[in-house]
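Novice: Contents of data18.txt (compact mmCIF, C-alpha atoms) are given next:
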```txt
# COMPACT_ATOMS: atom_id res chain seq x y z
CA MET N 1194 -2.78 111.86 114.86
CA LYS N 1195 -4.81 114.11 112.62
CA LYS N 1196 -2.89 117.16 113.74
CA ILE N 1197 0.42 115.67 112.65
CA ASN N 1198 -0.98 115.07 109.19
CA LEU N 1199 -2.12 118.65 108.99
CA LEU N 1200 1.37 119.85 109.85
CA GLY N 1201 2.83 117.49 107.29
CA VAL N 1202 0.59 118.88 104.56
CA LEU N 1203 1.44 122.43 105.57
CA ARG N 1204 5.10 121.54 105.40
CA VAL N 1205 4.84 120.17 101.87
CA VAL N 1206 2.87 123.22 100.73
CA LEU N 1207 5.45 125.54 102.25
CA LEU N 1208 8.31 123.60 100.68
CA ILE N 1209 6.70 123.96 97.27
CA VAL N 1210 6.00 127.68 97.75
CA PHE N 1211 9.57 128.30 98.86
CA PHE N 1212 10.88 126.33 95.92
CA VAL N 1213 8.90 128.38 93.43
CA PHE N 1214 9.75 131.70 95.06
CA MET N 1215 13.45 130.99 95.44
CA PHE N 1216 14.01 129.28 92.13
CA ALA N 1217 11.86 131.40 89.81
CA PRO N 1218 14.25 134.36 89.51
CA ILE N 1219 17.20 132.09 88.79
CA LEU N 1220 15.20 130.01 86.33
CA TRP N 1221 14.07 133.22 84.63
CA MET N 1222 17.69 134.30 84.29
CA ILE N 1223 18.63 130.96 82.76
CA LEU N 1224 15.69 131.02 80.34
CA THR N 1225 16.42 134.59 79.32
CA SER N 1226 20.02 133.65 78.60
CA LEU N 1227 18.79 131.04 76.14
CA LYS N 1228 16.49 133.35 74.18
CA PRO N 1229 17.46 135.35 71.11
CA VAL N 1230 17.39 139.09 71.81
CA GLY N 1231 14.16 139.59 69.86
CA GLU N 1232 12.26 137.21 72.11
CA ILE N 1233 13.47 138.85 75.31
CA VAL N 1234 11.78 142.15 74.57
CA THR N 1235 8.31 141.03 73.46
CA PHE N 1236 5.01 141.63 75.15
CA PRO N 1237 3.09 139.54 76.14
CA LEU N 1238 6.01 137.55 77.52
CA LYS N 1239 7.05 134.17 76.22
CA TYR N 1240 8.09 131.97 79.09
CA LEU N 1241 10.01 129.41 77.10
CA PRO N 1242 12.31 130.39 74.26
CA GLU N 1243 10.70 129.65 70.92
CA LYS N 1244 14.09 129.23 69.37
CA TRP N 1245 16.59 127.90 71.92
CA THR N 1246 19.95 129.49 71.31
CA PHE N 1247 23.40 129.53 72.82
CA ALA N 1248 24.32 132.65 70.86
CA ASN N 1249 24.45 134.74 74.03
CA TYR N 1250 27.02 132.38 75.50
CA ALA N 1251 29.01 132.32 72.29
CA LYS N 1252 29.06 136.11 72.37
CA LEU N 1253 30.23 136.04 75.97
CA PHE N 1254 33.21 133.82 75.26
CA LYS N 1255 34.14 135.33 71.91
CA GLY N 1256 33.12 138.95 72.23
CA THR N 1257 34.43 139.75 75.70
CA ASP N 1258 37.57 139.07 77.68
CA PHE N 1259 35.77 136.46 79.75
CA GLY N 1260 39.00 134.59 80.44
CA ILE N 1261 40.60 137.66 81.97
CA TYR N 1262 37.58 138.40 84.16
CA PHE N 1263 37.44 134.84 85.34
CA LYS N 1264 41.15 134.75 86.06
CA ASN N 1265 40.91 138.01 88.04
CA SER N 1266 37.99 136.71 90.07
CA MET N 1267 39.95 133.59 90.90
CA ILE N 1268 43.07 135.52 91.89
CA VAL N 1269 41.13 137.86 94.16
CA SER N 1270 39.00 135.25 95.90
CA LEU N 1271 41.65 132.56 96.33
CA SER N 1272 44.44 134.82 97.51
CA CYS N 1273 42.05 136.61 99.84
CA ALA N 1274 40.80 133.39 101.37
CA LEU N 1275 44.30 131.96 101.72
CA PHE N 1276 45.86 135.05 103.21
CA THR N 1277 43.10 135.90 105.66
CA SER N 1278 42.84 132.35 106.94
CA LEU N 1279 46.59 132.24 107.43
CA VAL N 1280 46.56 135.43 109.48
CA ALA N 1281 43.39 134.48 111.34
CA ILE N 1282 44.68 131.03 112.28
CA PHE N 1283 47.60 132.54 114.18
CA ALA N 1284 45.51 135.23 115.85
CA GLY N 1285 42.77 132.79 116.77
CA TYR N 1286 45.27 130.30 118.15
CA SER N 1287 46.86 132.94 120.30
CA LEU N 1288 43.57 134.34 121.60
CA ALA N 1289 42.22 130.91 122.40
CA ARG N 1290 45.36 129.31 123.80
CA PHE N 1291 47.12 131.93 125.90
CA LYS N 1292 46.08 134.14 128.72
CA PHE N 1293 47.65 137.57 128.42
CA ARG N 1294 46.97 141.12 129.38
CA GLY N 1295 44.51 143.00 127.22
CA LYS N 1296 43.24 139.82 125.67
CA LYS N 1297 39.62 140.51 126.33
CA LEU N 1298 40.02 144.04 125.06
CA ARG N 1299 41.65 142.79 121.91
CA CYS N 1300 38.89 140.28 121.31
CA LEU N 1301 36.35 143.05 121.60
CA PHE N 1302 38.45 145.24 119.33
CA PHE N 1303 38.54 142.66 116.54
CA TRP N 1304 34.95 141.87 117.05
CA LEU N 1305 33.73 145.46 116.82
CA LEU N 1306 35.88 146.15 113.78
CA LYS N 1307 34.51 143.13 112.02
CA TRP N 1308 31.03 144.30 112.70
CA CYS N 1309 31.57 147.97 111.94
CA GLN N 1310 33.38 147.80 108.67
CA LEU N 1311 31.73 148.40 105.35
CA TRP N 1312 31.32 145.05 103.65
CA MET R 50 49.44 116.34 126.17
CA LYS R 51 49.52 118.70 129.12
CA GLU R 52 52.95 117.46 130.19
CA LEU R 53 54.18 118.00 126.68
CA MET R 54 53.01 121.60 126.69
CA GLU R 55 54.67 122.22 130.02
CA LEU R 56 57.89 120.68 128.77
CA LEU R 57 57.81 122.90 125.72
CA ASN R 58 57.08 126.00 127.75
CA SER R 59 59.75 125.30 130.35
CA SER R 60 62.39 124.94 127.67
CA LYS R 61 61.78 128.50 126.54
CA SER R 62 63.34 131.53 128.07
CA GLY R 63 61.10 133.86 130.10
CA THR R 64 60.84 136.75 127.68
CA LYS R 65 60.23 134.53 124.70
CA LYS R 66 57.35 132.95 126.51
CA ARG R 67 55.87 136.30 127.36
CA ILE R 68 55.92 137.77 123.88
CA GLU R 69 54.83 134.62 122.12
CA PRO R 70 51.05 135.23 122.27
CA TYR R 71 51.50 138.80 121.05
CA LEU R 72 53.64 137.61 118.18
CA TYR R 73 50.84 135.42 116.87
CA VAL R 74 48.32 138.26 117.02
CA LEU R 75 50.68 140.76 115.44
CA PRO R 76 49.94 140.05 111.73
CA ALA R 77 46.22 140.38 112.33
CA VAL R 78 46.66 143.61 114.26
CA ILE R 79 48.88 145.08 111.56
CA LEU R 80 46.37 144.14 108.87
CA VAL R 81 43.47 145.60 110.80
CA VAL R 82 45.31 148.82 111.56
CA VAL R 83 46.54 149.32 108.01
CA PHE R 84 43.33 148.41 106.24
CA ILE R 85 40.63 149.48 108.68
CA VAL R 86 41.81 151.81 111.42
CA ILE R 87 43.89 154.13 109.23
CA PRO R 88 41.20 154.44 106.53
CA ILE R 89 38.61 155.20 109.21
CA LEU R 90 40.80 157.91 110.72
CA PHE R 91 41.48 159.27 107.26
CA GLY R 92 37.76 159.29 106.55
CA ILE R 93 37.02 161.17 109.77
CA ARG R 94 39.63 163.75 108.82
CA THR R 95 38.15 164.08 105.32
CA SER R 96 34.74 164.75 106.81
CA PHE R 97 36.06 168.06 108.16
CA LEU R 98 37.62 169.06 104.84
CA HIS R 99 36.27 171.00 101.92
CA TYR R 100 37.16 168.23 99.51
CA LYS R 101 35.49 168.29 96.11
CA LEU R 102 36.99 166.58 93.11
CA ASN R 103 35.92 169.41 90.81
CA ASP R 104 37.44 172.06 93.06
CA ILE R 105 41.20 172.38 93.23
CA ASN R 106 41.15 173.95 96.70
CA ILE R 107 41.19 171.54 99.61
CA TYR R 108 41.00 173.12 103.04
CA PHE R 109 39.69 172.59 106.56
CA ASP R 110 36.12 173.69 106.71
CA GLY R 111 35.11 172.98 110.28
CA LEU R 112 31.67 171.50 110.63
CA GLU R 113 30.48 172.84 107.29
CA ASN R 114 29.99 169.35 105.81
CA TYR R 115 27.82 168.28 108.72
CA LYS R 116 25.82 171.51 108.63
CA ASN R 117 25.11 171.06 104.93
CA LEU R 118 24.21 167.48 105.51
CA PHE R 119 21.54 168.31 108.06
CA LYS R 120 20.10 170.84 105.63
CA ASP R 121 19.95 168.21 102.90
CA GLU R 122 16.49 166.71 102.47
CA VAL R 123 17.73 163.59 100.71
CA PHE R 124 19.78 162.79 103.79
CA TYR R 125 16.65 162.59 105.90
CA THR R 126 14.93 160.49 103.26
CA ALA R 127 17.96 158.21 103.21
CA LEU R 128 17.93 157.93 106.99
CA LYS R 129 14.25 157.06 107.03
CA ASN R 130 14.66 154.65 104.12
CA SER R 131 17.61 152.96 105.83
CA LEU R 132 15.46 152.22 108.84
CA TRP R 133 12.60 150.95 106.71
CA TRP R 134 14.98 148.95 104.54
CA VAL R 135 16.60 147.23 107.51
CA VAL R 136 13.46 146.56 109.53
CA SER R 137 11.23 145.30 106.75
CA SER R 138 13.90 143.21 105.04
CA LEU R 139 15.11 141.69 108.27
CA PHE R 140 11.64 140.91 109.59
CA PHE R 141 10.64 138.85 106.57
CA GLN R 142 14.07 137.30 106.16
CA VAL R 143 13.88 135.96 109.71
CA ILE R 144 10.28 134.76 109.44
CA PHE R 145 10.72 133.05 106.08
CA GLY R 146 14.22 131.81 106.83
CA VAL R 147 13.21 130.14 110.08
CA THR R 148 10.09 128.68 108.47
CA LEU R 149 12.16 127.23 105.65
CA ALA R 150 14.65 125.79 108.12
CA LEU R 151 11.85 124.15 110.11
CA CYS R 152 10.48 122.64 106.91
CA LEU R 153 13.93 121.33 105.98
CA ASN R 154 14.63 119.85 109.39
CA LYS R 155 13.14 116.46 108.60
CA PRO R 156 14.60 114.28 105.86
CA PHE R 157 12.66 113.77 102.62
CA ARG R 158 13.48 112.44 99.18
CA GLY R 159 15.54 114.78 97.06
CA LYS R 160 16.40 116.99 100.03
CA GLY R 161 19.97 117.47 98.86
CA ILE R 162 18.96 118.85 95.48
CA TYR R 163 16.15 120.87 97.02
CA GLN R 164 18.56 122.53 99.42
CA ALA R 165 21.13 123.16 96.74
CA ILE R 166 18.57 125.00 94.61
CA VAL R 167 16.68 126.87 97.31
CA LEU R 168 19.77 128.00 99.18
CA ALA R 169 21.67 128.93 96.02
CA PRO R 170 20.94 132.70 96.12
CA TRP R 171 23.14 132.91 99.18
CA ALA R 172 26.21 132.34 97.04
CA VAL R 173 25.35 134.79 94.27
CA SER R 174 26.86 138.27 94.10
CA GLY R 175 24.68 141.19 95.15
CA PHE R 176 25.11 142.93 91.83
CA LEU R 177 23.88 139.92 89.91
CA ILE R 178 20.87 139.62 92.23
CA GLY R 179 20.18 143.30 91.64
CA LEU R 180 20.27 142.85 87.88
CA ILE R 181 18.00 139.80 87.97
CA TRP R 182 15.39 141.62 90.04
CA LYS R 183 15.68 144.79 88.04
CA TRP R 184 14.75 142.73 85.03
CA LEU R 185 11.92 140.97 86.88
CA PHE R 186 10.49 144.32 87.98
CA ASN R 187 10.91 145.85 84.55
CA GLY R 188 7.97 148.06 83.65
CA GLN R 189 7.52 146.65 80.16
CA TYR R 190 8.96 143.17 79.93
CA GLY R 191 9.09 142.20 83.58
CA LEU R 192 7.88 138.80 84.72
CA ILE R 193 6.26 140.25 87.83
CA ASN R 194 4.06 142.58 85.83
CA ASP R 195 3.13 139.68 83.60
CA ILE R 196 2.11 137.47 86.53
CA LEU R 197 0.15 140.23 88.24
CA MET R 198 -1.72 140.91 85.02
CA LYS R 199 -2.50 137.23 84.49
CA LEU R 200 -3.91 137.18 88.03
CA HIS R 201 -5.95 140.29 87.14
CA LEU R 202 -4.50 142.18 90.09
CA ILE R 203 -3.47 145.02 87.79
CA ASN R 204 -4.81 146.05 84.42
CA GLU R 205 -1.73 147.49 82.81
CA PRO R 206 2.00 147.16 83.49
CA VAL R 207 3.24 149.11 86.50
CA SER R 208 6.67 150.66 86.29
CA PHE R 209 7.69 149.60 89.79
CA LEU R 210 11.14 151.11 89.67
CA ALA R 211 10.10 154.52 88.37
CA GLN R 212 7.49 155.30 91.04
CA GLU R 213 8.33 156.77 94.40
CA GLY R 214 6.06 154.42 96.32
CA THR R 215 7.26 151.15 94.84
CA ALA R 216 10.94 151.66 94.06
CA LEU R 217 12.25 150.95 97.55
CA LEU R 218 9.63 148.24 98.03
CA SER R 219 10.97 146.39 94.97
CA ALA R 220 14.46 146.47 96.39
CA VAL R 221 13.15 145.20 99.73
CA VAL R 222 11.50 142.23 98.01
CA ALA R 223 14.78 141.41 96.28
CA ASN R 224 16.62 141.72 99.58
CA ILE R 225 14.20 139.42 101.36
CA TRP R 226 14.71 136.87 98.63
CA TYR R 227 18.46 137.22 98.97
CA GLY R 228 18.44 136.89 102.77
CA ILE R 229 16.17 133.89 103.26
CA PRO R 230 18.87 131.26 102.52
CA PHE R 231 21.24 132.84 105.01
CA PHE R 232 18.77 132.61 107.86
CA ALA R 233 17.67 129.16 106.76
CA ILE R 234 21.24 127.84 106.80
CA MET R 235 22.06 129.33 110.18
CA THR R 236 18.81 128.18 111.77
CA LEU R 237 19.06 124.74 110.24
CA ALA R 238 22.49 124.27 111.77
CA ALA R 239 21.11 125.26 115.16
CA LEU R 240 18.06 123.01 114.76
CA GLN R 241 20.22 120.02 114.05
CA SER R 242 22.10 120.50 117.29
CA ILE R 243 18.94 120.00 119.37
CA PRO R 244 19.16 116.61 121.08
CA GLU R 245 16.40 114.24 120.00
CA GLU R 246 15.85 113.20 123.63
CA LEU R 247 14.34 116.58 124.43
CA TYR R 248 11.53 115.98 121.95
CA GLU R 249 11.04 112.47 123.26
CA ALA R 250 10.79 113.82 126.78
CA ALA R 251 8.32 116.47 125.60
CA ASP R 252 6.28 113.73 123.90
CA ILE R 253 6.16 111.73 127.10
CA ASP R 254 5.01 114.83 128.95
CA GLY R 255 2.24 115.13 126.38
CA ALA R 256 3.34 118.42 124.84
CA GLY R 257 1.71 119.42 121.55
CA SER R 258 3.63 120.61 118.48
CA LEU R 259 3.12 124.25 119.40
CA LYS R 260 4.33 123.73 122.94
CA LYS R 261 7.33 121.77 121.70
CA PHE R 262 8.22 124.61 119.35
CA PHE R 263 8.08 127.30 122.01
CA ASN R 264 9.63 125.32 124.87
CA VAL R 265 12.24 123.21 123.13
CA THR R 266 12.99 124.50 119.65
CA LEU R 267 12.90 128.22 120.21
CA PRO R 268 15.14 128.35 123.33
CA TYR R 269 17.68 126.23 121.49
CA ILE R 270 17.89 128.37 118.37
CA LYS R 271 17.61 131.66 120.25
CA PRO R 272 21.36 132.30 120.70
CA THR R 273 21.97 131.60 117.02
CA LEU R 274 19.10 133.85 116.02
CA LEU R 275 20.34 136.70 118.21
CA VAL R 276 23.85 136.59 116.78
CA THR R 277 22.60 136.20 113.23
CA ILE R 278 20.20 139.11 113.56
CA LEU R 279 22.94 141.30 115.02
CA LEU R 280 25.18 140.46 112.10
CA ARG R 281 22.45 140.80 109.58
CA VAL R 282 21.22 144.24 110.66
CA ILE R 283 24.67 145.68 110.11
CA TRP R 284 25.05 143.80 106.89
CA ILE R 285 21.71 145.00 105.50
CA PHE R 286 22.40 148.54 106.70
CA ASN R 287 25.65 148.51 104.72
CA PHE R 288 24.22 146.65 101.77
CA ALA R 289 24.27 149.12 98.92
CA ASP R 290 24.61 146.70 95.98
CA LEU R 291 20.93 145.93 95.53
CA ILE R 292 19.59 149.46 95.65
CA TYR R 293 22.52 150.73 93.64
CA THR R 294 21.82 148.30 90.81
CA ILE R 295 18.02 148.17 90.98
CA THR R 296 16.99 151.82 91.41
CA ASN R 297 20.27 153.70 91.90
CA GLY R 298 18.51 155.73 94.58
CA GLY R 299 15.93 157.01 92.15
CA PRO R 300 13.42 158.31 91.30
CA ALA R 301 14.60 161.68 92.63
CA GLY R 302 16.44 160.18 95.59
CA SER R 303 13.30 158.56 96.98
CA SER R 304 14.80 155.11 97.41
CA GLU R 305 18.19 156.29 98.61
CA ILE R 306 19.52 154.64 101.78
CA LEU R 307 22.55 155.91 103.68
CA ALA R 308 24.88 153.39 102.07
CA THR R 309 23.91 154.43 98.54
CA HIS R 310 23.81 158.08 99.53
CA VAL R 311 27.51 157.87 100.36
CA ILE R 312 28.19 156.48 96.90
CA SER R 313 26.13 159.11 95.11
CA LYS R 314 27.70 161.93 97.14
CA ALA R 315 31.20 160.68 96.42
CA TYR R 316 30.89 159.60 92.80
CA THR R 317 27.99 161.62 91.40
CA SER R 318 28.36 164.89 93.30
CA LEU R 319 32.13 164.26 93.60
CA ASP R 320 31.95 165.73 97.11
CA PHE R 321 34.23 163.55 99.20
CA GLY R 322 33.91 165.75 102.27
CA GLN R 323 30.14 165.30 102.46
CA ALA R 324 30.41 161.61 101.68
CA SER R 325 32.86 161.19 104.56
CA ALA R 326 30.55 163.12 106.87
CA ILE R 327 27.74 160.69 106.03
CA GLY R 328 30.18 157.84 106.59
CA VAL R 329 31.03 159.13 110.05
CA ILE R 330 27.37 159.44 111.01
CA PHE R 331 26.83 156.02 109.54
CA MET R 332 29.56 154.59 111.75
CA ILE R 333 28.22 156.30 114.86
CA ILE R 334 24.75 154.88 114.24
CA LEU R 335 26.16 151.39 113.88
CA MET R 336 28.35 151.67 116.97
CA VAL R 337 25.44 152.89 119.06
CA TYR R 338 23.37 150.05 117.69
CA VAL R 339 26.02 147.41 118.46
CA ALA R 340 26.54 148.75 121.98
CA PHE R 341 22.82 148.78 122.61
CA TYR R 342 22.32 145.34 121.19
CA LEU R 343 25.17 143.86 123.23
CA TRP R 344 23.78 145.38 126.35
CA PHE R 345 20.24 144.38 125.53
CA THR R 346 20.93 140.73 124.77
CA LYS R 347 23.76 140.34 127.29
CA PHE R 348 25.75 138.95 124.45
CA GLU R 349 28.47 137.41 126.58
CA GLU R 350 25.93 134.96 127.91
CA ALA R 351 24.48 134.15 124.55
CA GLY R 352 27.70 133.63 122.63
CA ASP R 353 31.23 132.59 123.32
CA PHE R 354 34.02 135.08 122.81
```
Just dump the structure as structure tokens.
Specialist:
Amino acid sequence: MKKINLLGVLRVVLLIVFFVFMFAPILWMILTSLKPVGEIVTFPLKYLPEKWTFANYAKLFKGTDFGIYFKNSMIVSLSCALFTSLVAIFAGYSLARFKFRGKKLRCLFFWLLKWCQLW
Amino acid sequence: MKELMELLNSSKSGTKKRIEPYLYVLPAVILVVVFIVIPILFGIRTSFLHYKLNDINIYFDGLENYKNLFKDEVFYTALKNSLWWVVSSLFFQVIFGVTLALCLNKPFRGKGIYQAIVLAPWAVSGFLIGLIWKWLFNGQYGLINDILMKLHLINEPVSFLAQEGTALLSAVVANIWYGIPFFAIMTLAALQSIPEELYEAADIDGAGSLKKFFNVTLPYIKPTLLVTILLRVIWIFNFADLIYTITNGGPAGSSEILATHVISKAYTSLDFGQASAIGVIFMIILMVYVAFYLWFTKFEEAGDF
């Protein structure tokens, strides 16, 4: 009974450690985005912004072509996902459903290519 | 259902039936040939060319690119770093990822939110991760320096990214962080497929937690782990984003891996011939690795394909 408790405690400790380690960089990014430029480059560091500001976001939407970038990202990812699934559905159906000559070879071929390409 | 299929098949003419499976595969084959096979062949050809962007003469140069490559010291550093980069990143990604998955396997309050936050890095682009960690490792305003100084582990800020010893190490830390969610997700999925009865049976047999882990849990997640590790090694080997953004191979090429060395050869030295030669060697290494791994793990038994 005691052993189970020990494992339970270890689990909670690990969960907390993982949370801190995984979330800290993202939290730091969020906090930095809310600081005025002057506060970002001070030493010793200030963890929380003294003056919370959305100026960086305002600059992002007004000063850059954020809309265009966003639109391009959407076009690339959506069309890519749509097109590849469409092609893959047919190929997968054929490879799974039919028996034909060279099937095994073709499976291996696809498989190796997938694994060998530069991502 | 079966009768229906037979009815459908019998209504077709012989030839149509025979070419049907090939027809379905055709678009995929065309795509693969156009976008992967042809570029690879083109790259292999380029590796035998004298092909520099700042030189108007392009001509066949035999094995000159390869000869120069093996004389290049940075290439050996990159080779060594690639190995170190893959092994150290992968090792900790697997250990931490599996541990996290084991921790997440039992329900607790707020698990949904916890998972969403902890596994979030998986969905973030490599370049963004690189920029975040570059900032964290910053020699003057970096959070990591600040924490280490508060803990009195160091007395003054260390410029992690500008020193030969720590530049690659910093990138490895970032990569471990980036890879943990991936392993956690894959392992968690495998863990949840383990039938509860097995644990009950193990309980009845009086097995302890350690025994249960090694005799029930581990055999069940082994196939998943093998496939994931295979995938991941290649992925990490190819993963240039982090090093490119964090150190850009510096200082003095000391944190260059093969993947970033290709980029710097092609776009800094503008020597496409050399870059292609590295690419070819790169590909050979990966193919040898895949063949070895398949043989070693008898992949056909472990996975279904």
Novice: Which residues of chain R sit at most 9 Å from chain N, using only C-alpha atoms? Give each one's shortest atom pair and distance in Å (one decimal place), in chain and ascending residue order, as CSV.
Specialist:
```
residue,atom,partner,partner_atom,distance
R:Arg67,CA,N:Phe1293,CA,8.4
R:Glu69,CA,N:Ser1287,CA,8.3
R:Pro70,CA,N:Ser1287,CA,5.2
R:Tyr71,CA,N:Ser1287,CA,7.5
R:Leu72,CA,N:Ser1287,CA,8.5
R:Tyr73,CA,N:Phe1283,CA,5.1
R:Val74,CA,N:Ala1284,CA,4.3
R:Leu75,CA,N:Ala1284,CA,7.6
R:Pro76,CA,N:Val1280,CA,6.2
R:Ala77,CA,N:Val1280,CA,5.7
R:Val78,CA,N:Phe1303,CA,8.5
R:Leu80,CA,N:Val1280,CA,8.7
R:Val81,CA,N:Phe1303,CA,8.1
R:Ile85,CA,N:Gln1310,CA,7.4
R:Val86,CA,N:Leu1306,CA,8.5
R:Phe145,CA,N:Phe1211,CA,8.7
R:Thr148,CA,N:Leu1207,CA,8.4
R:Leu149,CA,N:Leu1208,CA,7.3
R:Leu151,CA,N:Arg1204,CA,8.6
R:Cys152,CA,N:Arg1204,CA,5.7
R:Leu153,CA,N:Leu1208,CA,8.1
R:Tyr163,CA,N:Phe1212,CA,7.7
R:Ile166,CA,N:Phe1216,CA,6.7
R:Val167,CA,N:Met1215,CA,5.6
R:Leu168,CA,N:Met1215,CA,7.9
R:Ala169,CA,N:Met1215,CA,8.5
R:Pro170,CA,N:Met1215,CA,7.7
R:Ile178,CA,N:Pro1218,CA,8.9
R:Ile181,CA,N:Met1222,CA,6.6
R:Trp182,CA,N:Pro1218,CA,7.4
R:Trp184,CA,N:Met1222,CA,9.0
R:Leu185,CA,N:Pro1218,CA,7.5
R:Gln189,CA,N:Phe1236,CA,7.5
R:Tyr190,CA,N:Val1234,CA,6.1
R:Gly191,CA,N:Leu1238,CA,8.2
R:Leu192,CA,N:Leu1238,CA,7.5
R:Asp195,CA,N:Leu1238,CA,7.1
R:Trp226,CA,N:Met1215,CA,6.8
R:Tyr227,CA,N:Met1215,CA,8.7
R:Ile229,CA,N:Met1215,CA,8.8
R:Pro230,CA,N:Met1215,CA,8.9
R:Ser258,CA,N:Ile1197,CA,8.3
R:Leu279,CA,N:Trp1308,CA,8.9
R:Leu280,CA,N:Trp1308,CA,7.0
R:Ile283,CA,N:Trp1308,CA,7.0
R:Trp284,CA,N:Trp1312,CA,7.2
R:Asn287,CA,N:Leu1311,CA,6.1
R:Phe288,CA,N:Trp1312,CA,7.5
R:Met332,CA,N:Cys1309,CA,6.9
R:Leu335,CA,N:Cys1309,CA,6.7
R:Met336,CA,N:Cys1309,CA,7.0
R:Val339,CA,N:Leu1305,CA,8.1
R:Phe354,CA,N:Cys1300,CA,7.3
```
Novice: In Å, with one decimal, what is the gap from CA of Ala211 in chain R to CA of Lys183 in chain R?
Specialist: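 So the two atoms, CA of Ala211 in chain R and CA of Lys183 in chain R, lie 11.2 Å apart.
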Novice: Counting all atoms listed in the file, which residues sit no farther than 12 Å from the position (14.0, 130.9, 110.2) in the file's frame? I'd like them as a PyMOL selection string.
Specialist: chain R and resi 139-154+228-240+266-267+270-271+273-275+277-278
Novice: Between CA of Ile312 in chain R and CA of Phe124 in chain R, what is the distance, to one decimal in Å?
Specialist: 12.6 Å
Novice: Quick one, how far is CA of Ala1248 in chain N from CA of Lys1228 in chain N?
Specialist: 8.5 Å
Novice: I want to know what sits within 12 Å of Phe1247 in chain N, based on only C-alpha atoms, with residues of the same chain fewer than 6 positions away left out; could you give that as JSON, numbers by chain?
Specialist: {"N": [1223, 1224, 1225, 1226, 1227, 1228, 1229, 1230, 1253, 1254]}
Novice: Go through R:Trp171, R:Tyr248, R:Phe286, R:Phe321 one by one, measure the shortest atom-to-atom distance of each to Ser137 in chain R using only C-alpha atoms, and give the residue with the smallest value.
Specialist: R:Phe286
